[in-house]
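upload-v2.cif follows; it contains mmCIF, C-alpha atoms.
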```
data_final
loop_
_atom_site.label_atom_id
_atom_site.label_comp_id
_atom_site.auth_asym_id
_atom_site.auth_seq_id
_atom_site.Cartn_x
_atom_site.Cartn_y
_atom_site.Cartn_z
CA MET A 228 -60.86 -1.13 -10.43
CA TYR A 229 -62.96 -2.59 -13.23
CA VAL A 230 -61.04 -3.66 -16.31
CA VAL A 231 -62.25 -5.02 -19.64
CA LEU A 232 -59.87 -7.14 -21.67
CA ASP A 233 -60.72 -7.27 -25.32
CA THR A 234 -60.17 -10.46 -27.29
CA SER A 235 -56.77 -9.37 -28.59
CA VAL A 236 -55.41 -9.09 -25.04
CA ILE A 237 -56.73 -12.44 -23.87
CA ILE A 238 -55.23 -14.04 -26.97
CA SER A 239 -51.96 -12.29 -26.17
CA MET A 240 -52.03 -13.68 -22.63
CA LEU A 241 -52.48 -17.18 -24.02
CA GLY A 242 -49.85 -16.84 -26.73
CA SER A 243 -47.12 -15.19 -24.74
CA GLY A 244 -47.46 -17.20 -21.57
CA LYS A 245 -45.82 -15.63 -18.54
CA LYS A 246 -43.51 -13.39 -20.57
CA SER A 247 -45.98 -10.73 -21.65
CA PHE A 248 -47.23 -7.49 -20.14
CA ALA A 249 -50.70 -8.88 -20.73
CA TYR A 250 -49.99 -11.84 -18.46
CA ASP A 251 -48.84 -9.52 -15.67
CA LEU A 252 -52.41 -8.23 -15.60
CA VAL A 253 -53.49 -11.72 -14.54
CA LEU A 254 -51.19 -11.49 -11.56
CA HIS A 255 -52.73 -8.15 -10.57
CA ALA A 256 -56.21 -9.58 -10.86
CA GLN A 257 -55.16 -12.46 -8.62
CA LYS A 258 -54.03 -9.89 -6.06
CA LYS A 259 -57.51 -8.27 -6.37
CA TYR A 260 -56.02 -4.99 -7.55
CA ILE A 261 -58.26 -5.18 -10.60
CA SER A 262 -61.38 -7.09 -11.63
CA PHE A 263 -61.86 -8.40 -15.15
CA VAL A 264 -65.39 -7.92 -16.42
CA ALA A 265 -67.01 -9.35 -19.54
CA ASN A 266 -70.48 -10.09 -20.81
CA ALA A 267 -71.92 -12.87 -22.93
CA GLU A 268 -71.23 -10.94 -26.12
CA THR A 269 -67.58 -10.16 -25.48
CA TRP A 270 -66.76 -13.55 -23.97
CA SER A 271 -68.44 -15.48 -26.75
CA GLU A 272 -66.28 -13.65 -29.30
CA PHE A 273 -63.20 -14.89 -27.47
CA GLU A 274 -64.59 -18.43 -27.26
CA GLU A 275 -65.28 -18.42 -30.99
CA VAL A 276 -61.82 -17.14 -31.84
CA ILE A 277 -60.05 -19.94 -29.98
CA THR A 278 -61.91 -22.51 -32.06
CA ARG A 279 -60.60 -21.09 -35.34
CA GLN A 280 -58.03 -23.08 -37.28
CA LYS A 281 -55.89 -19.96 -37.69
CA PHE A 282 -55.72 -19.52 -33.93
CA GLN A 283 -55.00 -23.20 -33.37
CA LYS A 284 -52.06 -23.14 -35.80
CA TRP A 285 -50.69 -19.95 -34.26
CA ILE A 286 -51.07 -20.93 -30.63
CA ILE A 287 -49.42 -24.33 -30.98
CA GLN A 288 -46.27 -22.53 -32.12
CA LYS A 289 -46.49 -19.73 -29.56
CA ASN A 290 -47.45 -21.59 -26.42
CA PRO A 291 -48.55 -25.23 -26.47
CA ALA A 292 -49.47 -24.93 -22.77
CA TRP A 293 -52.01 -22.14 -23.46
CA GLN A 294 -54.88 -24.06 -21.85
CA LYS A 295 -53.14 -23.78 -18.48
CA VAL A 296 -53.05 -20.00 -18.84
CA LEU A 297 -56.71 -19.98 -19.84
CA ALA A 298 -57.53 -21.98 -16.71
CA GLN A 299 -55.91 -19.20 -14.68
CA ILE A 300 -57.79 -16.43 -16.47
CA LYS A 301 -61.31 -17.89 -16.47
CA PRO A 302 -61.97 -17.73 -12.70
CA LEU A 303 -60.91 -14.07 -12.71
CA VAL A 304 -63.52 -12.97 -15.24
CA GLU A 305 -66.81 -11.72 -13.88
CA LEU A 306 -69.60 -12.19 -16.43
CA LYS A 307 -72.15 -9.38 -16.41
CA SER A 308 -75.58 -9.38 -17.98
CA THR A 309 -76.19 -7.04 -20.91
CA ASN A 310 -78.35 -3.95 -20.52
CA GLN A 311 -79.09 -2.37 -23.90
CA LYS A 312 -80.71 0.72 -22.36
CA SER A 313 -77.47 2.11 -20.96
CA PHE A 314 -75.80 2.70 -24.35
CA ASN A 315 -75.48 6.23 -25.65
CA LEU A 316 -75.29 5.42 -29.33
CA THR A 317 -74.92 9.07 -30.29
CA HIS A 318 -71.45 9.21 -28.72
CA PRO A 319 -68.81 10.07 -31.38
CA ASN A 320 -66.82 6.97 -30.44
CA TYR A 321 -69.71 4.74 -31.45
CA LYS A 322 -69.95 6.50 -34.79
CA GLU A 323 -66.20 6.25 -35.37
CA LEU A 324 -66.06 2.58 -34.45
CA GLN A 325 -69.11 1.83 -36.54
CA LYS A 326 -67.08 3.01 -39.53
CA ARG A 327 -63.82 1.30 -38.56
CA ASP A 328 -64.92 -1.99 -37.04
CA HIS A 329 -68.44 -2.44 -35.76
CA ASN A 330 -67.46 -5.72 -34.10
CA ASP A 331 -65.62 -3.70 -31.45
CA LEU A 332 -68.74 -1.80 -30.40
CA LYS A 333 -69.63 -4.45 -27.84
CA PHE A 334 -66.57 -3.50 -25.80
CA LEU A 335 -67.70 0.12 -25.58
CA HIS A 336 -71.17 -1.09 -24.61
CA LEU A 337 -69.68 -3.08 -21.77
CA CYS A 338 -67.56 -0.14 -20.61
CA ASP A 339 -70.62 2.09 -20.53
CA GLN A 340 -72.76 -0.50 -18.84
CA GLU A 341 -70.36 -1.32 -16.03
CA GLN A 342 -68.61 2.06 -15.71
CA VAL A 343 -65.33 0.38 -16.51
CA ASP A 344 -62.11 2.16 -15.55
CA ILE A 345 -59.78 0.73 -18.21
CA LEU A 346 -60.40 -1.05 -21.48
CA ILE A 347 -57.19 -2.91 -22.27
CA THR A 348 -56.65 -3.76 -25.89
CA GLN A 349 -54.07 -4.35 -28.58
CA ASP A 350 -56.56 -3.43 -31.27
CA LYS A 351 -55.54 -0.23 -33.00
CA ASP A 352 -59.10 0.72 -33.90
CA LEU A 353 -59.95 0.85 -30.19
CA LEU A 354 -56.62 2.34 -29.08
CA ASP A 355 -57.08 5.26 -31.42
CA LEU A 356 -60.15 6.32 -29.45
CA ARG A 357 -57.91 6.86 -26.34
CA THR A 358 -60.86 7.30 -23.96
CA HIS A 359 -64.53 6.50 -23.91
CA ASN A 360 -66.61 8.47 -21.42
CA LYS A 361 -64.90 7.62 -18.10
CA THR A 362 -63.00 4.65 -19.50
CA LYS A 363 -59.35 4.88 -20.50
CA ILE A 364 -58.40 2.75 -23.50
CA LEU A 365 -54.85 1.51 -23.02
CA ARG A 366 -52.36 -1.08 -24.19
CA PRO A 367 -51.35 -3.77 -21.67
CA ASP A 368 -48.05 -2.05 -20.77
CA GLU A 369 -49.76 1.31 -20.30
CA ALA A 370 -52.46 -0.20 -18.11
CA LEU A 371 -49.86 -2.09 -16.15
CA PHE A 372 -48.01 1.11 -15.43
CA LEU A 373 -51.08 2.80 -14.02
CA ILE A 374 -52.13 -0.19 -11.97
CA GLN A 375 -48.69 -0.78 -10.51
CA LEU A 376 -48.14 2.86 -9.81
CA VAL A 377 -51.42 3.24 -8.01
CA PHE A 378 -51.61 -0.01 -6.11
CA GLU A 379 -48.00 -0.86 -5.41
CA LYS A 380 -45.96 2.31 -5.29
CA MET A 381 -48.60 4.53 -3.77
CA GLU A 382 -49.68 1.82 -1.34
CA VAL A 383 -53.32 2.76 -1.51
CA PRO A 384 -55.41 0.25 0.42
CA LEU A 385 -58.25 -1.51 -1.31
CA MET B 268 -67.49 1.81 -6.81
CA THR B 269 -65.97 2.01 -3.32
CA THR B 270 -64.55 5.19 -1.76
CA ASN B 271 -61.08 3.70 -1.92
CA THR B 272 -61.41 2.97 -5.61
CA LYS B 273 -62.50 6.57 -6.18
CA GLN B 274 -59.41 7.77 -4.31
CA VAL B 275 -57.26 5.51 -6.43
CA LEU B 276 -58.74 6.86 -9.62
CA GLN B 277 -58.22 10.42 -8.44
CA LEU B 278 -54.57 9.66 -7.73
CA LYS B 279 -54.24 8.17 -11.16
CA VAL B 280 -55.54 11.35 -12.76
CA THR B 281 -53.15 13.44 -10.67
CA LEU B 282 -50.23 11.30 -11.73
CA GLU B 283 -51.17 11.54 -15.36
CA ASN B 284 -51.35 15.30 -15.14
CA GLU B 285 -47.93 15.39 -13.56
CA ALA B 286 -46.58 13.17 -16.30
CA LEU B 287 -47.79 15.63 -18.87
CA GLU B 288 -46.27 18.59 -17.15
CA SER B 289 -42.94 17.40 -15.90
CA TRP B 290 -40.68 14.50 -16.66
CA GLN B 291 -38.35 15.73 -13.96
CA GLY B 292 -41.14 15.67 -11.41
CA LEU B 293 -41.85 12.03 -12.08
CA SER B 294 -38.17 11.14 -12.06
CA GLU B 295 -37.91 12.72 -8.63
CA MET B 296 -40.86 10.73 -7.45
CA PHE B 297 -39.01 7.48 -8.06
CA LYS B 298 -35.51 8.57 -7.04
CA GLY B 299 -34.08 6.22 -4.44
CA ALA B 300 -37.38 4.49 -4.01
CA ASN B 301 -36.20 1.09 -5.19
CA THR B 302 -38.72 1.29 -7.97
CA PRO B 303 -39.22 -1.97 -9.83
CA SER B 304 -37.75 -1.78 -13.31
CA ILE B 305 -41.08 -2.64 -14.85
CA VAL B 306 -42.59 0.49 -13.34
CA ARG B 307 -39.72 2.66 -14.46
CA MET B 308 -39.88 1.20 -17.94
CA ALA B 309 -43.61 1.66 -18.09
CA LEU B 310 -43.24 5.20 -16.81
CA ILE B 311 -40.85 6.05 -19.62
CA ASN B 312 -43.02 4.35 -22.16
CA TYR B 313 -46.25 5.84 -20.89
CA TYR B 314 -44.78 9.29 -20.64
CA GLY B 315 -43.70 9.05 -24.26
CA GLN B 316 -47.13 7.86 -25.26
CA LEU B 317 -48.86 10.69 -23.43
CA ARG B 318 -46.70 13.24 -25.16
CA LYS B 319 -47.12 11.59 -28.51
CA ARG B 320 -50.86 11.33 -28.10
CA ASN B 321 -51.34 14.84 -26.84
CA HIS B 322 -48.82 16.48 -29.16
CA THR B 323 -47.85 18.84 -26.34
CA SER B 324 -44.13 18.94 -27.02
CA LYS B 325 -41.16 16.84 -28.01
CA ARG B 326 -38.59 15.49 -25.58
CA THR B 327 -35.67 17.77 -24.87
CA PRO B 328 -32.15 16.40 -25.50
CA LYS B 329 -31.67 16.15 -21.74
CA GLU B 330 -34.83 14.10 -21.41
CA ASN B 331 -33.65 11.81 -24.18
CA ILE B 332 -30.38 11.20 -22.33
CA GLU B 333 -32.29 10.50 -19.14
CA LEU B 334 -34.55 8.14 -20.99
CA ILE B 335 -31.63 6.15 -22.36
CA GLU B 336 -29.87 6.13 -18.98
CA ASN B 337 -32.98 4.88 -17.30
CA TRP B 338 -33.43 2.14 -19.82
CA GLU B 339 -29.87 1.01 -19.31
CA ALA B 340 -29.96 1.40 -15.54
CA THR B 341 -33.04 -0.70 -15.14
CA GLY B 342 -31.87 -3.51 -17.35
CA SER B 343 -34.85 -3.05 -19.55
CA LYS B 344 -33.73 -5.21 -22.46
CA ALA B 345 -36.22 -7.81 -21.33
CA ASN B 346 -38.92 -5.17 -21.21
CA LEU B 347 -37.96 -3.92 -24.63
CA SER B 348 -38.34 -7.45 -25.86
CA ARG B 349 -41.78 -7.60 -24.25
CA LEU B 350 -42.77 -4.34 -25.90
CA GLU B 351 -41.63 -5.66 -29.27
CA GLU B 352 -43.60 -8.84 -28.75
CA GLN B 353 -46.64 -6.81 -27.73
CA GLU B 354 -46.35 -4.75 -30.89
CA ALA B 355 -45.92 -7.88 -33.02
CA MET B 356 -48.99 -9.40 -31.40
CA SER B 357 -50.95 -6.26 -32.10
CA ASP B 358 -49.94 -6.35 -35.75
CA TRP B 359 -50.87 -10.04 -35.97
CA TRP B 360 -54.27 -9.32 -34.44
CA MET B 361 -55.00 -6.43 -36.80
CA ALA B 362 -53.99 -8.54 -39.80
CA ASN B 363 -56.12 -11.50 -38.79
CA LYS B 364 -58.97 -10.28 -36.64
CA ASP B 365 -61.62 -10.35 -39.35
CA GLU B 366 -60.82 -13.96 -40.17
CA LEU B 367 -60.54 -14.97 -36.51
CA ARG B 368 -63.87 -13.43 -35.59
CA GLY B 369 -65.56 -14.90 -38.64
#
```
Transcribe the structure of this file into structure tokens.
Amino acid sequence: MYVVLDTSVIISMLGSGKKSFAYDLVLHAQKKYISFVANAETWSEFEEVITRQKFQKWIIQKNPAWQKVLAQIKPLVELKSTNQKSFNLTHPNYKELQKRDHNDLKFLHLCDQEQVDILITQDKDLLDLRTHNKTKILRPDEALFLIQLVFEKMEVPL
Amino acid sequence: MTTNTKQVLQLKVTLENEALESWQGLSEMFKGANTPSIVRMALINYYGQLRKRNHTSKRTPKENIELIENWEATGSKANLSRLEEQEAMSDWWMANKDELRG
């Protein structure tokens, strides 16, 4: 199952350490239930954010050991190349997001490009879209429910 | 996408449809199955979200009682705390994302 984590979720994983729903997704990726996918555009946003002074001040209070969590996440992220031709820019979601926050468009691009199953986010502009083509847009706890239900309770082999 | 992944996704859709139609049906599914509390908690939460998002109907009083009983039975205070933290994180992100992304 292909999963995209937007920047808000990766930041949440780093800040909350092992307590958060977001971090539980890391454990599922380690079990190969899900695969995290990103591209240069989405990953570079995350890398820029963690250099910001605001992030640095916040993270030192939330989880001083955040770099250890990042070291766990990085090997689980599969970086894909970007293919501009696959985007259907006439989709209503693109128009809506263009109005609300055009910086989030890259996550929809990635979902379209890689036929992603779930976009996991804590960003309300994205969550309000609910779905995008075949991609479900869910919060970490919602995504966790689906993943656990399908892979653990239903015992469906991979 | 592998055949197995397709099957998994199909199951997921089936489960979501059931969640929309019947809380009782999903409760039955987990009865006596030693379901991890996180799954039960997420089920309750997700079910509520689905209803809220789809505006199909409100919970009945009986469903509310079941919801509370389930929360208590599964010791979900820790999960409640995690949900609150998730919500706080979401608020922090929305308040700061423009500055963080530059």
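Here CA of Phe273 in chain A is placed at a distance of 19.5 Å from CA of Ala355 in chain B.
Using the PyMOL selection byres ((chain A and resi 276-281) around 9) on the file at hand returns these residues: Thr234, Ile238, Ser271, Glu272, Phe273, Glu274, Glu275, Phe282, Gln283, Lys284, Trp285 and Ile286 of chain A; Asn363, Lys364, Glu366, Leu367, Arg368 and Gly369 of chain B.
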Applied to the shown file, which residues does the PyMOL selection byres ((chain A) within 10 of (chain B)) return, written as a ChimeraX atom specification?
/A:228-229,234-236,238-239,242-243,246-249,260,272-282,328,330,342,344,348-352,355,357,365-385
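The interatomic distance for the pair CA of Leu346 in chain A and CA of Asn320 in chain A works out to 13.6 Å.
Interatomic distance, CA of His255 in chain A to CA of Leu241 in chain A: 16.2 Å.
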Neighbouring residues of Leu232 in chain A were defined as those with any atom within 9 Å, considering only C-alpha atoms; residues of the same chain fewer than 6 positions away were excluded. Please report them as a ChimeraX atom specification.
/A:263-265,334,345-348
Output the selection as a PDB file, keeping the file's coordinate frame - C-alpha atoms for each residue.
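Output below, filename selection_8.pdb:
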```
ATOM      1  CA  PHE A 263     -61.860  -8.400 -15.150  1.00  0.00           C
ATOM      2  CA  VAL A 264     -65.390  -7.920 -16.420  1.00  0.00           C
ATOM      3  CA  ALA A 265     -67.010  -9.350 -19.540  1.00  0.00           C
ATOM      4  CA  PHE A 334     -66.570  -3.500 -25.800  1.00  0.00           C
ATOM      5  CA  ILE A 345     -59.780   0.730 -18.210  1.00  0.00           C
ATOM      6  CA  LEU A 346     -60.400  -1.050 -21.480  1.00  0.00           C
ATOM      7  CA  ILE A 347     -57.190  -2.910 -22.270  1.00  0.00           C
ATOM      8  CA  THR A 348     -56.650  -3.760 -25.890  1.00  0.00           C
TER       9      THR A 348
END
```
Using the chain letters and numbers from the file, which residues does the PyMOL selection byres ((chain A and resi 324) around 12) grab, as a ChimeraX atom specification?
/A:316-323,325-336,350-356,359
